[in-house]
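One structure below.
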Amino acid sequence: MNHQNESTGVLVIYTGGTIGSIPKNSKEPNSPLVPLSKEDVDKKENPLFSLIESYDSKFQQIVLGNQSIRLELKSLDKPIDSSNVDPAVWTEITSIIKKEYENYEGFVILHGTDTMTYTTSVLSFMIDNLNKPIIVTGSQKPIGETRSDALQNLITAIEIAAAKSLNKPVIPEVCLFFRNKILRGCRSIKYSASNYEAFRSPNLPELGTADEYIVINESIIRKGSTQSLQILGGYSPKVIYLKVAPGMDLDLIETIVNSEKIEGIILLTYGTGNAPSLPGFLNAIEKSISQGKIIVNVSQCMSGEVELGLYDVSAGLLSRGVISGLDMTSEAAYTKLCHLLGTHQDNPSIIPDLMQINLRGEQSKSIFNLHFGSGSMDVNQKSLTLHPIKDMVDAVPSMYNSNFIDKAFLRIMGISEDEETDFQSARGKVYIDMENATSKSAENIDNYLGKFDKRWEIQEGKENIFFTITNQAKKFIDNRHHISITIINENGRKLRWEKMEIGIFINSY
Ligand code: ASP
């Protein structure tokens with residue numbers, strides 16, 4: 001039964017971090033900080049709430065504006081410095097939320113700042129069907145210290161979580177609140193180690209601001225779910241980051257990316273997703289993917305988006321099966337991959353596609369791929385018509401329509417010839433939804449996607465052909481018909497490709 005309408009008040013979950021830290025040795029104020037223990041926090045006059053002037057410990061209530069709001073505190077069994085956060089801690093947090101979900105209108109999580117954005121990201125993925133605010137906050141200085149930022153962060157987080165009682169817009173998302181910014185949790189990054197304004201979400205406007213007034217940017221808030229809350233608990237931490245740098249030792253890279261234990265790699269690339277196009281590097285990546293590892297391309301830049309295939313130096317990654325992290329933060333990409341690896345162990349082949357779909361507002365677009373697989377055409381074969389392995393009509397989610405399409409591409413990748421000739425070549429034309437197309441068919445029609453005419457030295461490896469098919473995709477998404485791609489080979493030589501797919505970029509809605 002859903003008690004959401006009756007539930008009031010806020011539960012604060014204390015996990016540790018600077019906000020509740022004290023010097024290890026009480027006689028030496030400069031000794032290293034350690035988090036308050038559960039016993040300290042469980043006291044009625046607990047050190048976290050006792051500094052809130054309008055908090056009444058007898059009735060466990062805080063006064064906000066002219067409203068009294070129930071305020072309760074629960075500590076993790078062993079509060080930690082957030083540098084030690086791990087999946088077990090996330091499980092403990094989500095178990096508390098699951099257990100108490102119907103009893104409160106909102107939740108505040110007190111957390112260290114160091115890994116706060118990992119926790120806000122992973123909780124976004126783990127908590128399904130959220131309908132109440134979960135506001136994660138902390139501070140740069142412990143709550144008892146002079147000039148600490150803790151009290152303001154704590155009280156404002158409580159106020160945001162209690163929006164329903166205060167008749168303010170409710171944000172049914174995992175948020176990060178710090179200083180004066182309400183950010184989507186899975187979009188946030190820690191920007192400064194010491195500024196009070198420590199977090200930002202460079203690729204998404206703030207969900208709200210809390211200056212003199214709390215102002216919510218309602219147009220970008222995600223809708224709460226009407227279904228019952230679920231915790232998706234699987235998590236595989238066998239994922240590493242690999243940050244590309246000029247002049248990397250290729251043997252080292254080869255050893256790392258092909259290590260047996262790794263299941264996924266977040267490849268931190270330059271700019272819009274570029275990396276060295278050295279054959280040794282690309283071969284190592286290709287081998288790793290062929291062993292079933294998932295490699296996600298995320299930019300080293302703080303803002304902007306990976307655009308695989310925009311430059312030749314990223315097309316090589318795309319054709320070898322590296323997938324795009326679009327404009328995800330590295331924390332969101334990392335935790336999303338661990339989450340998907342842990343929750344889809346029975347069907348890992350869908351993880352690369354799911355990784356590129358927006359799940360919780362962590363990316364501005366989704367890339368929906370229609371796969372055609374590998375293929376080849378014989379010397380004498382003039383044309384070949386192909387259909388997606390899983391038909392468009394069954395594969396594309398029904399909510400996608402042409403209004404949401406940003407762009408679409410047809411990519412024919414890993415093109416090579418069998419023979420070891422001095423040079424390789426590919427020449428021909430491509431049509432969509434025109435199975436009887438020939439080399440004489442009209443080129444001024446919508447079904448015509450374009451020409452390819454490439455010639456390359458064998459040591460240059462394999463080639464890729466990309467066509468922009470945005471207008472055609474808009475039509476087939478709306479009509480939902482069975483689509484076909486017809487390739488006309490005008491070269492008189494064998495044509496072979498490793499992968500063909502249509503990538504449809506859908507703006508998140
Ligand atoms: N090391 C602390 C932590 O992350 C830093 C902080 O909370 O600001 O727990």
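Residue numbering restarts at 1 for every chain of the structure tokens, chains are lettered A, B, ... in their displayed order, and ligands are numbered from 1 as they appear.
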>> Please return, as number ranges by chain, all residues of segment 163-255 of chain A that DSSP assigns to alpha helix (DSSP H) on the basis of the backbone.
In response: A: 250-255
Prev. selection, N, CA and C atoms, output as a tab-separated table (two decimals), in the first residue's frame:
```tsv
chain	number	residue	atom	x	y	z
A	250	LEU	N	52.74	1.32	-25.01
A	250	LEU	CA	51.69	0.47	-25.57
A	250	LEU	C	51.68	-0.94	-25.00
A	251	ASP	N	52.86	-1.43	-24.59
A	251	ASP	CA	52.89	-2.77	-23.97
A	251	ASP	C	52.10	-2.75	-22.66
A	252	LEU	N	52.31	-1.66	-21.96
A	252	LEU	CA	51.62	-1.51	-20.67
A	252	LEU	C	50.10	-1.47	-20.89
A	253	ILE	N	49.70	-0.68	-21.88
A	253	ILE	CA	48.27	-0.56	-22.18
A	253	ILE	C	47.69	-1.93	-22.55
A	254	GLU	N	48.43	-2.61	-23.41
A	254	GLU	CA	48.00	-3.94	-23.87
A	254	GLU	C	47.81	-4.87	-22.68
A	255	THR	N	48.76	-4.83	-21.72
A	255	THR	CA	48.66	-5.70	-20.53
A	255	THR	C	47.43	-5.32	-19.71
```
>> Residues within 6 Å of segment 303-306 of chain A, please, as a PyMOL selection string. Count only C-alpha atoms; anything in the same chain fewer than 3 positions from it doesn't count.
In response: chain A and resi 202-203+272-273+326-327
Any chance you can output those residues with all heavy atoms as a JSON list (two decimals), in the first residue's frame?
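Below is the file selection.json, written as the result:
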```
[["chain", "number", "residue", "atom", "x", "y", "z"],
["A", 202, "PRO", "N", 28.40, 20.33, -14.69],
["A", 202, "PRO", "CA", 28.75, 21.12, -15.88],
["A", 202, "PRO", "C", 27.87, 20.87, -17.10],
["A", 202, "PRO", "O", 27.74, 21.75, -17.94],
["A", 202, "PRO", "CB", 30.19, 20.72, -16.19],
["A", 202, "PRO", "CG", 30.65, 19.87, -15.07],
["A", 202, "PRO", "CD", 29.48, 19.43, -14.27],
["A", 203, "ASN", "N", 27.26, 19.70, -17.18],
["A", 203, "ASN", "CA", 26.47, 19.42, -18.39],
["A", 203, "ASN", "C", 24.96, 19.49, -18.17],
["A", 203, "ASN", "O", 24.19, 19.04, -19.02],
["A", 203, "ASN", "CB", 26.84, 18.05, -18.96],
["A", 203, "ASN", "CG", 28.16, 18.11, -19.72],
["A", 203, "ASN", "OD1", 28.49, 19.13, -20.31],
["A", 203, "ASN", "ND2", 28.93, 17.04, -19.67],
["A", 272, "THR", "N", 36.46, 15.60, -27.53],
["A", 272, "THR", "CA", 35.18, 14.97, -27.88],
["A", 272, "THR", "C", 35.28, 13.45, -28.02],
["A", 272, "THR", "O", 34.48, 12.82, -28.70],
["A", 272, "THR", "CB", 34.65, 15.55, -29.21],
["A", 272, "THR", "OG1", 35.70, 15.44, -30.19],
["A", 272, "THR", "CG2", 34.20, 16.98, -29.08],
["A", 273, "GLY", "N", 36.31, 12.86, -27.38],
["A", 273, "GLY", "CA", 36.40, 11.39, -27.38],
["A", 273, "GLY", "C", 37.56, 10.87, -28.20],
["A", 273, "GLY", "O", 37.51, 9.75, -28.71],
["A", 326, "LEU", "N", 28.84, 9.67, -24.08],
["A", 326, "LEU", "CA", 28.15, 10.94, -24.35],
["A", 326, "LEU", "C", 28.62, 12.02, -23.37],
["A", 326, "LEU", "O", 29.81, 12.24, -23.25],
["A", 326, "LEU", "CB", 26.64, 10.73, -24.30],
["A", 326, "LEU", "CG", 26.13, 9.90, -25.48],
["A", 326, "LEU", "CD1", 24.80, 9.24, -25.17],
["A", 326, "LEU", "CD2", 26.02, 10.75, -26.73],
["A", 327, "ASP", "N", 27.69, 12.67, -22.63],
["A", 327, "ASP", "CA", 28.14, 13.73, -21.72],
["A", 327, "ASP", "C", 28.07, 13.30, -20.25],
["A", 327, "ASP", "O", 27.88, 14.13, -19.37],
["A", 327, "ASP", "CB", 27.35, 15.03, -21.96],
["A", 327, "ASP", "CG", 25.86, 14.88, -21.70],
["A", 327, "ASP", "OD1", 25.38, 13.74, -21.57],
["A", 327, "ASP", "OD2", 25.17, 15.92, -21.62]]
```
Shell around Thr8 of chain A at 9 Å using only C-alpha atoms, local window under 3 positions removed, as a JSON list (two decimals) with N, CA, C and O atoms, in the first residue's frame:
```json
[["chain", "number", "residue", "atom", "x", "y", "z"],
["A", 4, "GLN", "N", 2.24, 7.31, 0.70],
["A", 4, "GLN", "CA", 3.01, 8.52, 0.44],
["A", 4, "GLN", "C", 2.29, 9.79, 0.83],
["A", 4, "GLN", "O", 2.90, 10.74, 1.29],
["A", 5, "ASN", "N", 0.98, 9.79, 0.69],
["A", 5, "ASN", "CA", 0.27, 11.02, 1.00],
["A", 5, "ASN", "C", 0.28, 11.36, 2.48],
["A", 5, "ASN", "O", 0.27, 12.49, 2.88],
["A", 69, "ILE", "N", 8.33, 20.21, 11.61],
["A", 69, "ILE", "CA", 8.50, 19.01, 10.78],
["A", 69, "ILE", "C", 9.26, 17.95, 11.57],
["A", 69, "ILE", "O", 10.28, 18.24, 12.20],
["A", 70, "ARG", "N", 8.74, 16.74, 11.51],
["A", 70, "ARG", "CA", 9.40, 15.62, 12.20],
["A", 70, "ARG", "C", 10.78, 15.40, 11.59],
["A", 70, "ARG", "O", 10.92, 15.37, 10.35],
["A", 103, "ASN", "N", 7.63, 5.82, 5.57],
["A", 103, "ASN", "CA", 7.47, 6.55, 6.83],
["A", 103, "ASN", "C", 7.84, 8.02, 6.76],
["A", 103, "ASN", "O", 7.59, 8.77, 7.70],
["A", 104, "TYR", "N", 8.51, 8.42, 5.69],
["A", 104, "TYR", "CA", 8.98, 9.81, 5.60],
["A", 104, "TYR", "C", 8.65, 10.37, 4.22],
["A", 104, "TYR", "O", 8.51, 9.63, 3.26],
["A", 105, "GLU", "N", 8.62, 11.70, 4.15],
["A", 105, "GLU", "CA", 8.37, 12.32, 2.84],
["A", 105, "GLU", "C", 9.67, 12.57, 2.07],
["A", 105, "GLU", "O", 9.65, 12.83, 0.87],
["A", 106, "GLY", "N", 10.78, 12.52, 2.81],
["A", 106, "GLY", "CA", 12.06, 12.76, 2.13],
["A", 106, "GLY", "C", 13.22, 12.31, 2.99],
["A", 106, "GLY", "O", 13.07, 12.06, 4.19],
["A", 162, "ALA", "N", 11.89, 18.28, 2.75],
["A", 162, "ALA", "CA", 10.55, 18.43, 3.36],
["A", 162, "ALA", "C", 9.63, 19.28, 2.49],
["A", 162, "ALA", "O", 8.65, 19.85, 2.97],
["A", 164, "LYS", "N", 7.30, 18.74, 0.47],
["A", 164, "LYS", "CA", 5.86, 18.44, 0.43],
["A", 164, "LYS", "C", 5.15, 19.13, 1.59],
["A", 164, "LYS", "O", 4.14, 19.81, 1.39],
["A", 165, "SER", "N", 5.69, 18.99, 2.81],
["A", 165, "SER", "CA", 5.08, 19.64, 3.98],
["A", 165, "SER", "C", 5.11, 21.15, 3.86],
["A", 165, "SER", "O", 4.25, 21.85, 4.39]]
```
>> Could you list, as JSON, numbers by chain, every residue within 12 Å of segment 23-26 of chain A, counting only C-alpha atoms and ignoring same-chain residues fewer than 2 positions away?
In response: {"A": [18, 20, 21, 28, 29, 30, 31, 32, 33, 34, 35, 36, 37, 141, 142, 144, 145]}
Go ahead and write the selection's residues with C-alpha atoms as a PDB file, in the first residue's frame.
```pdb
ATOM      1  CA  THR A  18      33.799  15.749   7.529  1.00  0.00           C
ATOM      2  CA  GLY A  20      30.320  14.834  11.512  1.00  0.00           C
ATOM      3  CA  SER A  21      34.037  14.545  12.183  1.00  0.00           C
ATOM      4  CA  GLU A  28      44.837  17.788  20.261  1.00  0.00           C
ATOM      5  CA  PRO A  29      42.558  19.853  17.996  1.00  0.00           C
ATOM      6  CA  ASN A  30      44.969  19.411  15.102  1.00  0.00           C
ATOM      7  CA  SER A  31      45.038  15.622  15.168  1.00  0.00           C
ATOM      8  CA  PRO A  32      43.491  13.932  12.083  1.00  0.00           C
ATOM      9  CA  LEU A  33      39.692  14.065  11.794  1.00  0.00           C
ATOM     10  CA  VAL A  34      37.637  10.919  12.328  1.00  0.00           C
ATOM     11  CA  PRO A  35      33.851  10.538  11.925  1.00  0.00           C
ATOM     12  CA  LEU A  36      31.599  10.520  14.988  1.00  0.00           C
ATOM     13  CA  SER A  37      30.566   7.011  15.950  1.00  0.00           C
ATOM     14  CA  LYS A 141      34.432  21.881   7.752  1.00  0.00           C
ATOM     15  CA  PRO A 142      33.054  19.796  10.654  1.00  0.00           C
ATOM     16  CA  GLY A 144      31.122  22.168  15.428  1.00  0.00           C
ATOM     17  CA  GLU A 145      33.895  24.356  14.002  1.00  0.00           C
TER      18      GLU A 145
END
```
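Of the residues listed (A:Ile135, A:Ala198, A:Ala332, A:Leu11), A:Ala198 shows the shortest atom-to-atom separation from ligand 1; distances use only C-alpha atoms and all ligand atoms.
Comparing A:Ser192, A:Thr91, A:Ser124, A:Ser68 by their smallest distance to ligand 1, the closest is A:Ser192 (using only C-alpha atoms and all ligand atoms).
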> If you count only C-alpha atoms, which residues fall within 8 Å of Arg496 of chain A, apart from same-chain ones fewer than 5 positions away, as an MDAnalysis selection string?
Replying inline: chainID A and resid 374:377 415:418
>> DSSP on the backbone: which residues in segment 12-247 of chain A end up as strand (DSSP E or B)? Give the answer as a ChimeraX atom specification.
In response: /A:12-16,21-23,33-35,55-56,61-64,67-80,106-110,127-128,134-137,174-178,181-184,189-190,199-200,208-210,214-216,230-231,239-243
Find the residues of segment 378-440 of chain A that sit at most 8 Å from segment 472-490 of chain A; for each, write down the nearest two atoms and how far apart they are in Å, to one decimal. Count only C-alpha atoms. Sort by chain, then by number going up, and give it as a tab-separated table.
```
residue	atom	partner	partner_atom	distance
A:Gln381	CA	A:Asn489	CA	7.2
A:Lys382	CA	A:Asn489	CA	5.3
A:Ser383	CA	A:Ile488	CA	4.4
A:Leu384	CA	A:Ile487	CA	5.3
A:Thr385	CA	A:Thr486	CA	4.2
A:Leu386	CA	A:Ile485	CA	5.2
A:His387	CA	A:Ser484	CA	4.8
A:Pro388	CA	A:Ser484	CA	7.4
A:Asp391	CA	A:His482	CA	6.5
A:Met392	CA	A:His482	CA	6.1
A:Val393	CA	A:Arg480	CA	5.4
A:Val396	CA	A:Ile477	CA	8.0
A:Tyr400	CA	A:Ile477	CA	7.2
A:Asn401	CA	A:Asp478	CA	5.7
A:Ser402	CA	A:Lys474	CA	4.6
A:Asn403	CA	A:Lys474	CA	8.0
A:Ile405	CA	A:Lys474	CA	6.8
A:Ala408	CA	A:Ala473	CA	6.4
A:Ala426	CA	A:Asn489	CA	7.9
A:Arg427	CA	A:Glu490	CA	5.5
A:Gly428	CA	A:Asn489	CA	4.6
A:Lys429	CA	A:Ile488	CA	5.1
A:Val430	CA	A:Ile487	CA	4.7
A:Tyr431	CA	A:Thr486	CA	5.1
A:Ile432	CA	A:Ile485	CA	4.6
A:Asp433	CA	A:Ser484	CA	4.9
A:Met434	CA	A:Thr486	CA	6.7
A:Glu435	CA	A:Thr486	CA	5.9
A:Ala437	CA	A:Thr486	CA	7.0
A:Thr438	CA	A:Ile488	CA	6.5
A:Ser439	CA	A:Ile488	CA	6.3
```
Could those selected residues go to a file with N, CA, C and O atoms, as a compact mmCIF listing (two decimals), in the first residue's frame?
```txt
# COMPACT_ATOMS: atom_id res chain seq x y z
N GLN A 381 28.75 -9.58 -57.19
CA GLN A 381 27.45 -9.23 -56.59
C GLN A 381 27.24 -7.72 -56.67
O GLN A 381 28.03 -6.95 -56.14
N LYS A 382 26.17 -7.33 -57.35
CA LYS A 382 25.98 -5.89 -57.58
C LYS A 382 25.28 -5.20 -56.41
O LYS A 382 25.51 -4.02 -56.15
N SER A 383 24.37 -5.93 -55.72
CA SER A 383 23.67 -5.28 -54.62
C SER A 383 23.34 -6.29 -53.53
O SER A 383 23.28 -7.51 -53.77
N LEU A 384 23.16 -5.78 -52.33
CA LEU A 384 22.82 -6.64 -51.19
C LEU A 384 21.88 -5.86 -50.28
O LEU A 384 22.16 -4.71 -49.93
N THR A 385 20.75 -6.49 -49.91
CA THR A 385 19.80 -5.83 -49.00
C THR A 385 19.88 -6.49 -47.63
O THR A 385 19.91 -7.71 -47.52
N LEU A 386 19.94 -5.65 -46.59
CA LEU A 386 20.09 -6.16 -45.22
C LEU A 386 18.99 -5.61 -44.32
O LEU A 386 18.54 -4.47 -44.52
N HIS A 387 18.63 -6.39 -43.32
CA HIS A 387 17.64 -5.95 -42.32
C HIS A 387 18.31 -6.01 -40.95
O HIS A 387 19.19 -6.84 -40.73
N PRO A 388 17.85 -5.15 -40.02
CA PRO A 388 18.46 -5.23 -38.68
C PRO A 388 18.23 -6.60 -38.04
O PRO A 388 17.22 -7.25 -38.31
N ASP A 391 14.37 -6.48 -35.49
CA ASP A 391 13.73 -5.47 -36.32
C ASP A 391 13.39 -4.20 -35.58
O ASP A 391 13.03 -4.23 -34.42
N MET A 392 13.50 -3.09 -36.29
CA MET A 392 13.19 -1.77 -35.76
C MET A 392 11.85 -1.77 -35.04
O MET A 392 11.70 -1.22 -33.95
N VAL A 393 10.87 -2.43 -35.64
CA VAL A 393 9.51 -2.37 -35.11
C VAL A 393 9.47 -2.95 -33.69
O VAL A 393 8.76 -2.46 -32.83
N VAL A 396 12.80 -0.62 -31.17
CA VAL A 396 12.84 0.79 -30.76
C VAL A 396 11.72 1.08 -29.75
O VAL A 396 10.56 0.80 -30.03
N TYR A 400 9.88 6.71 -28.32
CA TYR A 400 10.73 7.51 -29.21
C TYR A 400 9.91 7.99 -30.41
O TYR A 400 9.27 7.21 -31.08
N ASN A 401 9.95 9.27 -30.66
CA ASN A 401 9.35 9.76 -31.89
C ASN A 401 10.24 10.83 -32.49
O ASN A 401 11.23 11.25 -31.87
N SER A 402 9.87 11.27 -33.69
CA SER A 402 10.80 12.12 -34.44
C SER A 402 11.13 13.43 -33.72
O SER A 402 12.19 14.00 -33.93
N ASN A 403 10.24 13.88 -32.84
CA ASN A 403 10.53 15.14 -32.13
C ASN A 403 11.77 15.03 -31.25
O ASN A 403 12.40 16.02 -30.93
N ILE A 405 14.41 13.09 -31.96
CA ILE A 405 15.65 12.70 -32.67
C ILE A 405 16.58 13.89 -32.82
O ILE A 405 16.20 14.95 -33.31
N ALA A 408 20.95 10.95 -36.65
CA ALA A 408 21.07 9.50 -36.83
C ALA A 408 22.13 9.23 -37.89
O ALA A 408 22.32 10.03 -38.81
N ALA A 426 36.97 0.62 -51.76
CA ALA A 426 35.53 0.35 -51.63
C ALA A 426 34.81 1.49 -52.35
O ALA A 426 35.12 2.66 -52.13
N ARG A 427 33.90 1.12 -53.23
CA ARG A 427 33.17 2.16 -53.96
C ARG A 427 31.75 1.68 -54.19
O ARG A 427 31.52 0.53 -54.59
N GLY A 428 30.79 2.54 -53.92
CA GLY A 428 29.41 2.14 -54.14
C GLY A 428 28.42 3.16 -53.61
O GLY A 428 28.79 4.32 -53.36
N LYS A 429 27.18 2.71 -53.45
CA LYS A 429 26.11 3.62 -53.00
C LYS A 429 25.25 2.86 -51.99
O LYS A 429 25.25 1.63 -51.95
N VAL A 430 24.53 3.62 -51.19
CA VAL A 430 23.68 2.98 -50.19
C VAL A 430 22.28 3.60 -50.23
O VAL A 430 22.13 4.83 -50.32
N TYR A 431 21.26 2.76 -50.18
CA TYR A 431 19.86 3.20 -50.15
C TYR A 431 19.18 2.63 -48.92
O TYR A 431 19.54 1.56 -48.42
N ILE A 432 18.17 3.33 -48.46
CA ILE A 432 17.35 2.81 -47.37
C ILE A 432 15.95 2.54 -47.91
O ILE A 432 15.44 3.32 -48.74
N ASP A 433 15.35 1.45 -47.50
CA ASP A 433 13.99 1.09 -47.89
C ASP A 433 13.79 1.11 -49.40
O ASP A 433 12.81 1.67 -49.91
N MET A 434 14.73 0.56 -50.13
CA MET A 434 14.61 0.51 -51.59
C MET A 434 15.35 -0.74 -52.07
O MET A 434 16.50 -0.69 -52.53
N GLU A 435 14.68 -1.88 -51.91
CA GLU A 435 15.35 -3.15 -52.13
C GLU A 435 15.73 -3.39 -53.59
O GLU A 435 16.60 -4.19 -53.88
N ALA A 437 17.01 -1.17 -55.56
CA ALA A 437 17.94 -0.12 -56.01
C ALA A 437 19.09 -0.73 -56.82
O ALA A 437 19.54 -1.85 -56.55
N THR A 438 19.52 0.02 -57.86
CA THR A 438 20.68 -0.40 -58.64
C THR A 438 21.62 0.80 -58.74
O THR A 438 21.30 1.89 -58.26
N SER A 439 22.74 0.60 -59.42
CA SER A 439 23.68 1.72 -59.53
C SER A 439 23.09 2.86 -60.36
O SER A 439 23.59 3.98 -60.34
```
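Shortest atom-to-atom contact with ligand 1 among A:Asn84, A:Asn436, A:Gln227, A:Asn380: A:Asn84, counting only C-alpha atoms and all ligand atoms.
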>> Give me, as a PyMOL selection string, the set of residues whose atoms come within 12 Å of any atom of ligand 1, counting only C-alpha atoms and all ligand atoms.
In response: chain A and resi 14-22+32-36+79-85+110-119+136-143+148-150+178+190+192-199
